[in-house]
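J.: Mind having a look at this structure? Questions to follow.
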Amino acid sequence: MRDVVEQLRPEAAYFTCMDGGRTCILVFDMRESSEMPALLERFFLDMEAEVELHPVMNADDLREGLDALPRG
């Protein structure tokens, strides 16, 4: 797990239990979806982990996205 945290350099890392299993919640910056294989493959191969990704945005990202909406 230490190697994973060092590779991802998350903004935050939380460790808990969910649905009866060990759970790690990592908040990290993934700029392109093409980064998924390199970032996540070791979870599947080394840890046999189930992985969920939940894209989020900060207030600046939201503002930029809303500004890009067509005006009509």
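Letters for chains follow the order of the structure tokens (A, B, ...), residue numbers begin at 1 for each chain, and ligand numbers begin at 1 in the order shown.
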Using the chain letters and numbers from this document, which residues of chain A does DSSP assign to helix (DSSP H, G or I), as a ChimeraX atom specification?
T.: /A:2-8,33-47,59-67
J.: For stretch 26-43 of chain A, please output as a ChimeraX atom specification all residues within 9 Å (counting only C-alpha atoms; exclusion window: fewer than 4 positions along the same chain).
T.: /A:4-5,7-15,47-51,55
J.: Rounded to one decimal place, report the atom CA of A:Val56-atom CA of A:Ile25 distance in Å.
T.: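 According to the coordinates, atom CA of A:Val56 and atom CA of A:Ile25 are separated by 13.5 Å.
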J.: Between atom CA of A:Asp46 and atom CA of A:Asp3, what distance in Å does the model show, to one decimal?
T.: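 Pair atom CA of A:Asp46 / atom CA of A:Asp3 returns 11.5 Å.
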J.: If you run DSSP on this backbone, which residues of chain A come out as strand (DSSP E), and could you give them as an MDAnalysis selection string?
T.: chainID A and resid 12:18 21:27
